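Encoded as structure tokens, the structure appears first; notes follow it.
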Amino acid sequence: PDGVPELAYDLAVRLQIDELAATDLWRELAAIREVPILLLHGETSDILLPEIAARMQRVHPDLTLVEVPG
């Protein structure tokens, strides 16, 4: 409104991400590499950076990344 940007997602999502930051989620992701994963990544997401999505693919060989435009 009035030319001022505003967040388009629930702030509780970001708070949970901040809480998980202290956890070694890379180890957790590697531990479930037998389980296929589909990761939908929004092209303009400011929550999941493209570099992190790419690293997730490297850590988990059975992860399919789908980039959602816009």
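Residues are named by chain letter and number: chains run A, B, ... in the order of the structure tokens, numbers start at 1 in each chain, and ligands are numbered from 1 in the order shown.
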- Hey, what does DSSP flag as strand (DSSP E or B) within chain A? Can you give it to me as JSON, numbers by chain? {"A": [37, 38, 39, 40, 41, 42, 63, 64, 65, 66, 67, 68]}
- Task: Please identify all polymer residues within 10 Å of stretch 7-16 of chain A, counting only C-alpha atoms, omitting same-chain residues fewer than 2 positions from it, and present them as a ChimeraX atom specification.
- Result: /A:5,18-21,45-47
- Task: Could you give me, as an MDAnalysis selection string, each residue of chain A that DSSP assigns to alpha helix (DSSP H) when run on this structure's backbone?
- Result: chainID A and resid 11:20 25:31 50:59
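Of the listed residues (A:Leu29, A:Leu48, A:Leu40, A:Val4), A:Leu40 comes nearest to A:Val66; the distances count only C-alpha atoms.
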- Separation of atom CA of A:Gln57 from atom CA of A:Leu38 in Å: 10.2 Å
- Task: Show which residues sit within 12 Å of A:Leu65, as a PyMOL selection string. Count only C-alpha atoms, and ignore same-chain residues fewer than 2 positions away.
- Result: chain A and resi 36-43+50+52-58+60-63+67-68
Selection export as a PDB file, in the first residue's frame, atoms kept: C-alpha atoms:
```pdb
ATOM      1  CA  PRO A  36      12.576 -39.150  -2.560  1.00  0.00           C
ATOM      2  CA  ILE A  37      11.878 -35.452  -2.036  1.00  0.00           C
ATOM      3  CA  LEU A  38      10.124 -32.940  -4.250  1.00  0.00           C
ATOM      4  CA  LEU A  39      11.179 -29.363  -3.498  1.00  0.00           C
ATOM      5  CA  LEU A  40       9.019 -26.608  -4.966  1.00  0.00           C
ATOM      6  CA  HIS A  41      11.006 -23.391  -4.960  1.00  0.00           C
ATOM      7  CA  GLY A  42       9.432 -20.038  -5.716  1.00  0.00           C
ATOM      8  CA  GLU A  43      11.647 -18.087  -8.103  1.00  0.00           C
ATOM      9  CA  PRO A  50      18.607 -20.561  -4.869  1.00  0.00           C
ATOM     10  CA  ILE A  52      20.510 -23.326  -0.608  1.00  0.00           C
ATOM     11  CA  ALA A  53      18.124 -25.210  -2.914  1.00  0.00           C
ATOM     12  CA  ALA A  54      21.117 -26.209  -5.081  1.00  0.00           C
ATOM     13  CA  ARG A  55      23.059 -27.369  -2.022  1.00  0.00           C
ATOM     14  CA  MET A  56      20.044 -29.409  -0.924  1.00  0.00           C
ATOM     15  CA  GLN A  57      20.199 -31.195  -4.291  1.00  0.00           C
ATOM     16  CA  ARG A  58      23.893 -31.969  -3.787  1.00  0.00           C
ATOM     17  CA  HIS A  60      20.265 -35.361  -1.205  1.00  0.00           C
ATOM     18  CA  PRO A  61      20.736 -37.143  -4.548  1.00  0.00           C
ATOM     19  CA  ASP A  62      17.045 -38.121  -4.818  1.00  0.00           C
ATOM     20  CA  LEU A  63      15.741 -34.564  -4.442  1.00  0.00           C
ATOM     21  CA  GLU A  67      11.435 -23.864  -9.845  1.00  0.00           C
ATOM     22  CA  VAL A  68       8.082 -22.073  -9.741  1.00  0.00           C
TER      23      VAL A  68
END
```
- atom CA of A:Thr23 to atom CA of A:Thr44: how many Å, to one decimal?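 Answer for the atom CA of A:Thr23 to atom CA of A:Thr44 separation: 25.2 Å.
Relative to atom CA of A:Pro69, atom CA of A:Asp2 is found at 26.0 Å.
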